[in-house]
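Source file coords-v8.txt; content: compact mmCIF, C-alpha atoms.
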# COMPACT_ATOMS: atom_id res chain seq x y z
CA MET A 1 7.95 36.14 27.56
CA GLU A 2 9.32 39.52 26.62
CA ARG A 3 12.81 40.46 27.68
CA VAL A 4 14.36 43.81 28.28
CA PRO A 5 17.50 44.34 26.17
CA VAL A 6 20.76 45.22 27.92
CA LEU A 7 23.08 47.37 25.79
CA LYS A 8 26.78 47.93 26.43
CA ILE A 9 28.05 51.42 25.73
CA GLY A 10 31.67 51.93 26.70
CA ASP A 11 32.00 51.24 30.40
CA ILE A 12 28.23 51.38 30.98
CA LEU A 13 25.34 48.97 30.58
CA LEU A 14 22.21 50.73 29.35
CA VAL A 15 18.79 49.24 30.02
CA SER A 16 15.83 51.04 28.49
CA ILE A 17 12.54 49.56 29.66
CA GLN A 18 9.99 50.00 26.90
CA ILE A 19 7.44 47.36 27.89
CA ASP A 20 5.07 46.87 30.79
CA MET A 21 7.09 45.83 33.77
CA GLU A 22 5.48 42.59 34.88
CA ASP A 23 6.91 40.74 37.84
CA GLN A 24 8.49 38.00 35.70
CA VAL A 25 10.09 40.56 33.37
CA ALA A 26 11.55 42.39 36.35
CA LEU A 27 13.04 39.21 37.82
CA GLN A 28 14.44 38.17 34.43
CA LEU A 29 16.05 41.59 34.03
CA GLN A 30 17.63 41.26 37.47
CA GLU A 31 19.27 37.96 36.45
CA ASP A 32 20.30 39.10 32.96
CA LEU A 33 21.88 42.23 34.32
CA ALA A 34 23.93 40.40 36.96
CA GLU A 35 25.26 38.04 34.27
CA ARG A 36 26.09 40.86 31.86
CA ILE A 37 27.93 42.84 34.54
CA VAL A 38 30.14 39.88 35.26
CA ALA A 39 30.59 39.05 31.57
CA THR A 40 31.48 42.58 30.47
CA GLY A 41 33.13 43.93 33.61
CA CYS A 42 31.25 47.22 33.28
CA HIS A 43 31.30 49.63 36.19
CA GLY A 44 28.01 51.40 35.65
CA VAL A 45 24.39 50.53 34.98
CA ILE A 46 21.78 52.97 33.72
CA ILE A 47 18.14 51.93 33.86
CA ASP A 48 15.88 54.20 31.82
CA ILE A 49 12.26 54.07 32.99
CA SER A 50 11.00 57.11 31.07
CA ALA A 51 8.54 54.93 29.16
CA LEU A 52 7.02 53.44 32.29
CA ASP A 53 3.60 54.74 33.33
CA ILE A 54 3.36 52.61 36.42
CA VAL A 55 5.98 51.65 38.95
CA ASP A 56 4.48 49.46 41.64
CA SER A 57 6.07 48.39 44.89
CA PHE A 58 7.41 45.16 43.38
CA VAL A 59 9.18 46.94 40.53
CA GLY A 60 10.46 49.47 43.04
CA ARG A 61 11.89 46.71 45.19
CA THR A 62 13.39 44.92 42.19
CA LEU A 63 15.14 48.14 41.17
CA ALA A 64 16.55 48.41 44.69
CA THR A 65 17.71 44.78 44.52
CA ILE A 66 19.36 45.35 41.13
CA ALA A 67 21.18 48.33 42.62
CA SER A 68 22.40 46.25 45.56
CA VAL A 69 23.48 43.32 43.38
CA SER A 70 25.36 45.63 41.00
CA ARG A 71 27.10 47.31 43.90
CA VAL A 72 28.35 43.93 45.07
CA LEU A 73 29.72 43.43 41.54
CA ASP A 74 31.38 46.88 41.69
CA ALA A 75 28.96 48.65 39.40
CA GLU A 76 26.91 51.73 40.30
CA THR A 77 23.27 51.79 39.23
CA VAL A 78 21.41 54.94 38.27
CA VAL A 79 17.68 54.95 37.55
CA VAL A 80 16.88 57.72 35.08
CA GLY A 81 13.87 59.39 33.49
CA MET A 82 11.21 58.75 36.10
CA ARG A 83 8.03 60.54 35.09
CA PRO A 84 6.54 63.19 37.40
CA ALA A 85 3.29 61.24 37.73
CA VAL A 86 5.20 58.12 38.75
CA ALA A 87 7.25 60.06 41.30
CA ILE A 88 4.11 61.63 42.79
CA THR A 89 2.41 58.25 43.05
CA LEU A 90 5.42 56.68 44.73
CA VAL A 91 5.58 59.53 47.24
CA GLU A 92 1.85 59.26 47.96
CA LEU A 93 2.33 55.52 48.54
CA GLY A 94 5.22 56.28 50.88
CA LEU A 95 7.81 54.50 48.73
CA SER A 96 10.94 56.61 48.55
CA LEU A 97 13.12 53.86 46.96
CA PRO A 98 16.02 54.14 49.41
CA GLY A 99 19.39 53.05 48.10
CA ILE A 100 18.61 53.93 44.49
CA ARG A 101 20.47 56.71 42.73
CA THR A 102 18.35 58.70 40.32
CA ALA A 103 18.98 61.20 37.54
CA LEU A 104 16.68 63.18 35.31
CA ASN A 105 17.86 61.74 31.99
CA VAL A 106 20.41 59.39 30.49
CA GLU A 107 22.93 62.17 29.89
CA LEU A 108 22.89 63.29 33.52
CA GLY A 109 23.01 59.64 34.55
CA ILE A 110 26.21 59.07 32.59
CA GLU A 111 27.65 62.21 34.16
CA MET A 112 26.70 61.00 37.63
CA LEU A 113 28.35 57.61 37.05
CA ALA A 114 31.52 59.26 35.83
CA ARG A 115 31.63 61.44 38.91
CA ALA A 116 30.97 58.54 41.27
CA ARG A 117 33.72 56.55 39.57
CA GLN A 118 36.14 59.42 39.96
CA GLU A 119 35.33 59.86 43.65
CA SER A 120 35.65 56.18 44.49
CA ASN A 121 38.96 55.74 42.58
CA PRO A 122 40.97 58.91 43.09
CA ASP A 123 44.20 57.10 42.07
CA LEU A 124 42.87 56.58 38.57
CA ASP A 125 42.15 60.27 38.44
CA ASP A 126 44.57 61.23 35.72
CA ASP A 127 43.67 58.86 32.91
CA GLU A 128 39.99 58.46 33.82
CA ASP A 129 39.48 62.17 34.10
CA GLU A 130 40.30 62.79 30.47
CA ALA A 131 38.21 59.84 29.33
CA ASP A 132 35.28 61.03 31.42
CA ALA A 133 35.56 64.60 30.32
CA ALA A 134 35.58 63.50 26.71
CA ALA A 135 32.59 61.28 27.25
CA VAL A 136 30.62 63.97 29.07
CA SER A 137 31.34 67.10 27.11
CA THR A 138 29.95 65.72 23.87
CA PRO A 139 26.27 66.44 24.20
CA MET B 140 -40.22 108.32 52.59
CA PRO B 141 -38.49 108.52 55.97
CA LEU B 142 -40.17 108.08 59.31
CA SER B 143 -40.98 111.14 61.33
CA SER B 144 -39.77 111.05 64.92
CA ASP B 145 -43.39 110.94 65.98
CA GLU B 146 -44.01 107.81 63.93
CA ALA B 147 -40.78 106.32 65.16
CA SER B 148 -41.83 106.58 68.78
CA ARG B 149 -45.29 105.20 67.98
CA PHE B 150 -43.66 102.17 66.33
CA ALA B 151 -41.39 101.76 69.33
CA ASP B 152 -44.50 101.63 71.53
CA LEU B 153 -46.06 99.09 69.21
CA LEU B 154 -42.97 96.87 69.26
CA LYS B 155 -42.92 97.05 73.04
CA GLU B 156 -46.61 96.53 73.55
CA HIS B 157 -46.97 93.51 71.28
CA GLY B 158 -43.41 92.32 71.95
CA GLU B 159 -44.23 88.74 72.80
CA SER B 160 -46.72 88.04 70.02
CA LEU B 161 -44.58 89.87 67.44
CA THR B 162 -41.52 87.82 68.28
CA THR B 163 -43.50 84.58 68.08
CA ARG B 164 -45.08 85.41 64.74
CA TRP B 165 -41.84 86.80 63.34
CA THR B 166 -39.95 83.68 64.37
CA GLU B 167 -42.59 81.51 62.67
CA LEU B 168 -42.38 83.45 59.44
CA VAL B 169 -38.57 83.29 59.35
CA ALA B 170 -38.55 79.61 60.30
CA ASN B 171 -40.77 78.86 57.28
CA GLY B 172 -38.27 80.55 55.01
CA LEU B 173 -35.25 78.74 56.46
CA ARG B 174 -36.92 75.31 56.35
CA GLY B 175 -35.58 74.02 59.65
CA ARG B 176 -31.91 74.64 58.99
CA LEU B 177 -31.64 76.65 62.20
CA SER B 178 -32.94 75.49 65.60
CA SER B 179 -36.08 77.37 66.66
CA THR B 180 -34.69 78.35 70.07
CA GLU B 181 -31.60 79.81 68.42
CA LEU B 182 -33.76 81.62 65.88
CA ARG B 183 -36.09 82.96 68.55
CA ARG B 184 -33.17 84.32 70.52
CA GLN B 185 -31.85 86.13 67.45
CA ILE B 186 -35.28 87.52 66.57
CA GLU B 187 -35.93 88.69 70.13
CA GLU B 188 -32.63 90.55 70.15
CA LEU B 189 -33.38 92.03 66.77
CA ARG B 190 -36.80 93.21 67.97
CA LYS B 191 -35.20 94.90 70.95
CA GLY B 192 -32.68 96.47 68.62
CA PHE B 193 -35.44 97.91 66.45
CA GLU B 194 -37.34 99.12 69.49
CA GLN B 195 -34.31 100.85 70.99
CA ALA B 196 -33.34 102.48 67.72
CA LEU B 197 -36.85 103.82 67.15
CA ARG B 198 -37.18 104.87 70.79
CA ALA B 199 -33.96 106.87 70.50
CA GLY B 200 -35.60 108.80 67.71
CA SER B 201 -33.82 107.21 64.82
CA VAL B 202 -35.59 107.95 61.52
CA HIS B 203 -32.90 106.57 59.22
CA LEU B 204 -30.86 103.39 59.46
CA THR B 205 -27.75 105.54 59.02
CA ASP B 206 -28.54 107.59 62.14
CA GLU B 207 -26.27 107.60 65.16
CA ALA B 208 -29.10 106.11 67.23
CA SER B 209 -29.25 103.05 64.96
CA ALA B 210 -25.59 102.13 65.36
CA GLU B 211 -26.38 99.18 67.58
CA LEU B 212 -29.12 97.91 65.26
CA ARG B 213 -26.71 98.11 62.32
CA ALA B 214 -24.15 96.10 64.26
CA GLN B 215 -26.80 93.49 65.04
CA LEU B 216 -27.85 93.28 61.40
CA SER B 217 -24.34 92.88 60.08
CA GLU B 218 -23.62 90.24 62.69
CA LEU B 219 -26.77 88.39 61.70
CA SER B 220 -25.97 88.48 57.99
CA GLY B 221 -22.38 87.41 58.62
CA HIS B 222 -23.71 84.51 60.63
CA ARG B 223 -26.16 83.51 57.91
CA ALA B 224 -23.55 83.79 55.17
CA ARG B 225 -21.17 81.49 57.03
CA GLN B 226 -23.96 78.98 57.54
CA GLY B 227 -24.55 78.89 53.81
CA PHE B 228 -27.85 80.73 53.55
CA ASN B 229 -28.34 82.81 50.43
CA ALA B 230 -29.15 86.52 50.26
CA THR B 231 -32.94 86.06 50.09
CA GLU B 232 -33.02 83.75 53.07
CA THR B 233 -30.90 86.22 55.01
CA ALA B 234 -32.96 89.30 54.17
CA ILE B 235 -36.25 87.53 54.81
CA SER B 236 -35.26 87.46 58.49
CA VAL B 237 -35.67 91.23 58.50
CA TYR B 238 -38.52 91.61 56.02
CA ALA B 239 -40.67 89.20 57.99
CA LEU B 240 -41.02 91.90 60.66
CA LYS B 241 -43.28 93.81 58.31
CA ASP B 242 -45.66 90.89 57.92
CA ALA B 243 -45.71 90.33 61.65
CA VAL B 244 -46.45 94.01 62.33
CA LEU B 245 -49.19 94.06 59.69
CA GLU B 246 -50.92 91.12 61.33
CA VAL B 247 -50.77 92.88 64.70
CA LEU B 248 -52.18 96.10 63.23
CA ASP B 249 -54.81 94.19 61.28
CA ASN B 250 -56.45 92.87 64.42
CA GLY B 251 -57.90 96.25 65.29
CA THR B 252 -58.79 97.95 62.02
CA ASP B 253 -59.96 96.98 58.58
CA ASN B 254 -58.09 99.06 56.04
CA GLY B 255 -58.22 97.56 52.55
CA GLY B 256 -56.02 100.19 50.91
CA LEU B 257 -53.22 99.74 53.40
CA ARG B 258 -53.33 95.94 53.05
CA ASP B 259 -53.12 96.21 49.25
CA TYR B 260 -50.20 98.52 49.51
CA VAL B 261 -48.34 96.26 51.95
CA ALA B 262 -48.95 93.25 49.72
CA PHE B 263 -47.60 95.14 46.74
CA SER B 264 -44.66 96.39 48.79
CA SER B 265 -43.74 92.84 49.75
CA PHE B 266 -43.88 91.88 46.06
CA VAL B 267 -41.45 94.68 45.26
CA ASP B 268 -39.25 93.56 48.15
CA ARG B 269 -39.07 90.10 46.60
CA ALA B 270 -38.11 91.59 43.27
CA ALA B 271 -35.36 93.61 44.90
CA LEU B 272 -34.15 90.53 46.75
CA PHE B 273 -34.09 88.51 43.55
CA THR B 274 -31.99 91.19 41.91
CA PHE B 275 -29.63 91.16 44.82
CA ASP B 276 -29.44 87.37 44.80
CA SER B 277 -28.44 87.32 41.14
CA TYR B 278 -25.90 90.03 41.83
CA VAL B 279 -24.33 87.96 44.59
CA GLN B 280 -24.26 84.88 42.37
CA VAL B 281 -22.41 86.72 39.64
CA ARG B 282 -20.00 88.13 42.19
CA GLU B 283 -19.33 84.67 43.59
CA ALA B 284 -18.74 83.27 40.13
CA LEU B 285 -16.26 86.09 39.53
CA ILE B 286 -14.47 85.32 42.77
CA ALA B 287 -14.29 81.62 41.93
CA ASP B 288 -12.86 82.44 38.49
CA GLN B 289 -10.29 84.73 40.01
CA ALA B 290 -9.29 82.12 42.58
CA GLU B 291 -8.69 79.70 39.73
CA GLN B 292 -6.67 82.23 37.79
CA LEU B 293 -4.69 82.98 40.91
CA LEU B 294 -3.97 79.28 41.25
CA GLU B 295 -2.45 79.25 37.77
CA LEU B 296 -0.69 82.58 38.00
CA SER B 297 0.89 82.21 41.37
CA THR B 298 2.95 79.13 40.65
CA PRO B 299 5.58 80.03 38.09
CA VAL B 300 8.70 77.93 37.72
CA VAL B 301 11.60 80.10 36.64
CA LYS B 302 14.97 79.13 35.28
CA LEU B 303 17.58 80.71 37.49
CA TRP B 304 20.77 79.37 35.98
CA GLU B 305 21.89 76.63 33.66
CA GLY B 306 20.49 73.52 35.36
CA VAL B 307 18.84 75.39 38.22
CA VAL B 308 15.13 76.20 38.40
CA ALA B 309 13.33 78.08 41.17
CA VAL B 310 9.75 78.13 42.41
CA PRO B 311 8.92 81.32 44.28
CA LEU B 312 5.90 80.33 46.34
CA VAL B 313 3.55 83.21 47.15
CA GLY B 314 0.49 82.94 49.35
CA THR B 315 -1.03 80.23 51.45
CA LEU B 316 -0.17 76.73 50.34
CA ASP B 317 -3.23 74.48 50.52
CA SER B 318 -3.52 70.97 49.15
CA ALA B 319 -4.82 72.04 45.75
CA ARG B 320 -2.05 74.57 45.22
CA ALA B 321 0.60 72.24 46.58
CA GLN B 322 -0.48 69.66 44.01
CA VAL B 323 -0.29 72.19 41.16
CA VAL B 324 3.11 73.41 42.32
CA MET B 325 4.44 69.87 42.61
CA GLU B 326 3.29 68.85 39.14
CA ARG B 327 4.57 72.05 37.53
CA LEU B 328 7.95 71.78 39.21
CA LEU B 329 8.47 68.11 38.35
CA GLN B 330 7.38 68.64 34.75
CA THR B 331 9.76 71.58 34.41
CA LEU B 332 12.60 69.47 35.80
CA VAL B 333 11.97 66.90 33.08
CA ASP B 334 11.52 69.47 30.32
CA THR B 335 14.65 71.45 31.13
CA GLY B 336 16.75 68.59 32.48
CA SER B 337 17.69 70.69 35.50
CA PRO B 338 19.17 68.64 38.33
CA TYR B 339 18.60 71.39 40.91
CA ALA B 340 15.42 73.08 42.10
CA ILE B 341 15.11 75.84 44.67
CA ILE B 342 11.80 76.18 46.48
CA ASP B 343 11.58 79.71 47.81
CA ILE B 344 8.99 80.21 50.55
CA THR B 345 9.59 83.91 51.22
CA GLY B 346 6.01 84.65 50.16
CA VAL B 347 4.38 81.96 52.26
CA PRO B 348 2.81 83.72 55.24
CA ALA B 349 2.79 80.74 57.59
CA VAL B 350 4.20 77.24 57.65
CA ASP B 351 2.26 74.61 59.57
CA THR B 352 2.71 70.85 59.59
CA GLN B 353 0.50 70.48 56.54
CA VAL B 354 2.41 72.98 54.43
CA ALA B 355 5.66 71.39 55.52
CA GLN B 356 4.26 68.01 54.54
CA HIS B 357 3.45 69.30 51.04
CA ILE B 358 6.93 70.74 50.61
CA LEU B 359 8.58 67.55 51.85
CA LYS B 360 6.54 65.44 49.44
CA THR B 361 7.61 67.64 46.56
CA VAL B 362 11.25 67.32 47.57
CA VAL B 363 11.04 63.53 47.86
CA ALA B 364 9.30 63.24 44.49
CA ALA B 365 11.99 65.41 42.89
CA ARG B 366 14.67 63.21 44.46
CA LEU B 367 13.02 60.11 43.05
CA MET B 368 13.33 61.69 39.64
CA GLY B 369 16.96 62.49 40.23
CA ALA B 370 16.85 66.18 41.09
CA ASP B 371 17.86 67.86 44.31
CA CYS B 372 15.71 70.47 46.04
CA ILE B 373 16.85 73.31 48.25
CA ILE B 374 14.38 75.22 50.41
CA SER B 375 15.12 78.91 50.73
CA GLY B 376 13.51 82.08 52.00
CA ILE B 377 12.85 80.88 55.51
CA ARG B 378 12.04 83.90 57.65
CA PRO B 379 13.10 84.01 61.32
CA GLN B 380 9.59 83.50 62.68
CA ILE B 381 8.99 80.63 60.30
CA ALA B 382 12.22 78.97 61.38
CA GLN B 383 11.02 79.23 64.97
CA THR B 384 7.61 77.80 64.05
CA ILE B 385 9.24 74.91 62.22
CA VAL B 386 11.34 74.04 65.24
CA ALA B 387 8.42 74.51 67.65
CA LEU B 388 6.24 72.19 65.58
CA GLY B 389 9.01 69.61 65.49
CA ILE B 390 9.11 69.46 61.69
CA GLU B 391 12.17 67.58 60.47
CA PHE B 392 13.63 68.54 57.13
CA GLY B 393 16.19 65.75 57.46
CA ASP B 394 19.03 66.03 54.96
CA ILE B 395 17.22 68.58 52.78
CA ALA B 396 19.31 71.70 52.40
CA THR B 397 17.62 74.82 53.79
CA LYS B 398 18.92 78.33 53.21
CA ALA B 399 17.86 81.70 54.55
CA SER B 400 17.72 83.47 51.20
CA LEU B 401 17.41 82.65 47.53
CA ALA B 402 20.88 84.08 46.98
CA ASP B 403 22.37 81.68 49.51
CA ALA B 404 20.58 78.78 47.87
CA LEU B 405 21.87 79.75 44.42
CA ARG B 406 25.40 80.14 45.74
CA TYR B 407 25.14 76.71 47.36
CA VAL B 408 23.94 75.09 44.13
CA LEU B 409 26.60 76.83 42.05
CA GLY B 410 29.17 75.67 44.56
CA LYS B 411 28.05 72.10 43.97
CA THR B 412 27.92 72.31 40.20
CA GLY B 413 30.48 75.08 39.69
CA ASN B 414 33.59 72.92 39.71
CA ARG B 415 32.17 70.82 36.89
CA SER B 416 29.94 71.88 34.05
CA LEU B 417 29.92 75.61 34.75
CA SER B 418 33.65 76.11 35.15
CA GLY B 419 34.14 73.84 32.17
CA LYS B 420 31.92 76.05 30.06
CA ARG B 421 33.61 79.18 31.27
CA THR B 422 37.07 77.97 30.28
CA GLU B 423 35.77 76.91 26.88
CA ARG B 424 34.62 80.43 26.09
So that I can check it, write out the structure of this file as structure tokens.
Amino acid sequence: MERVPVLKIGDILLVSIQIDMEDQVALQLQEDLAERIVATGCHGVIIDISALDIVDSFVGRTLATIASVSRVLDAETVVVGMRPAVAITLVELGLSLPGIRTALNVELGIEMLARARQESNPDLDDDEDEADAAAVSTP
Amino acid sequence: MPLSSDEASRFADLLKEHGESLTTRWTELVANGLRGRLSSTELRRQIEELRKGFEQALRAGSVHLTDEASAELRAQLSELSGHRARQGFNATETAISVYALKDAVLEVLDNGTDNGGLRDYVAFSSFVDRAALFTFDSYVQVREALIADQAEQLLELSTPVVKLWEGVVAVPLVGTLDSARAQVVMERLLQTLVDTGSPYAIIDITGVPAVDTQVAQHILKTVVAARLMGADCIISGIRPQIAQTIVALGIEFGDIATKASLADALRYVLGKTGNRSLSGKRTER
């Protein structure tokens, strides 16, 4: 069975889904990700679905579950790069994926995570701010 | 060759005298042309009214259709053709309703006399009528094709997505928003969001003449789809009457930001982004 690679970049885990999202793959990813979050202690997860043509209700629910699990492990999840056609289909099906944060692309996703981190930990403001700014302002 | 007032009154007498048989024959002739797409009682009522219209116009001494005395007949004719057009009949089928009067009158006249020359002429005249009708039919077809083309062009032209600021795009909607247009607008907007990487979109409905539940539904779907992709939509350009309609219809925009004008919407978006990327850029320069 194919697996989706989970890459660690700084304080963020990056998952780029490049294969067809079958149910087993989605469940495997959910488990892998939970383990990696604990192992690395990352505080953010970015799931890039820009290569996905189809997002069905199961994948949608799995993404929501991943977001919930990560939140329990103190990591924010952002789903990025959803294609217009996928978004339209989901809306027509009445699936609005509640509880999932979304961003247009990976860059904006990283920015969003940095902001969320800053808001939730205002005490860390001083050091984190500089680190974030450095991370964000290099396009 | 116009009618003389003498002839007009003689025709009026004829229409009155043979009223019943004329209407029956006329209705038959028209019914053949329409092939049962109109109920015969309905058709007969229309024809009877039309006959009376002709009779009155001729009685009043009308020698031209443009005369004052024919005003009522003209109104009847335009009502009839409007009716036929809406029911999907073509130009020939519509005009035949009027031309058939000639055939009916000829048959009534024919009973008494035997005039070969007149019959020939009438037959030829009806052939020319058909030719004229065919011309007109083709003309209408071309016109309709033109209108369809223009409607399509309008569909493409009227949905631009403009970049308003760094990371902010706007869609100024103009005209009625039906399902087809809503779909085009939605696809364009979402594609532009991806292409430009803009996290904010402003949907400006200043140019939308009316907002009903369906239009609102289309806008809401677009907003939800944009959210799924990670962009936020603001609806602007809501006119006072439209705001009242929205409330009266019970349409809920939920947590979607709505602003009265495009300027307000832009200010709102800049307020949200301003303390980050924009101010950062400004200090860099």
At most 6 Å to chain B: residues in chain A, all atoms listed in the file, as a VMD selection string: chain A and resid 82 84 87 to 88 91 102 to 104
Atom pair CA of Arg198 (chain B) / CA of Ser160 (chain B): separation (Å): 19.4 Å
Residue contacts of Gln28 (chain A) (12 Å, all atoms listed in the file) excluding same-chain residues fewer than 6 positions away, as number ranges by chain: A: 1-6, 21-22, 34-35, 59, 62, 66
CA of Leu272 (chain B) to CA of Glu291 (chain B), straight-line distance in Å: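 Spanning CA of Glu291 (chain B) to CA of Leu272 (chain B) is a straight-line distance of 28.5 Å.
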Contacts of region 31-33 of chain A at 12 Å (all atoms listed in the file; same-chain gap of 3+ positions) as a PyMOL selection string: chain A and resi 3-8+12-15+24-28+36-42+44-47+62-63+65-70+73+75+77
CA of Gln215 (chain B) to CA of Ala151 (chain B), distance in Å rounded to a single decimal: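 Distance reported for this atom pair: 17.3 Å.
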Shell around Arg184 (chain B) at 12 Å using only C-alpha atoms, local window under 4 positions removed, as a list in words: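 So, after excluding close chain neighbours, the residues are Thr162, Thr163, Trp165, Thr166, Leu177, Ser178, Ser179, Thr180, Glu188, Leu189, Arg190, Lys191 and Leu219 of chain B.
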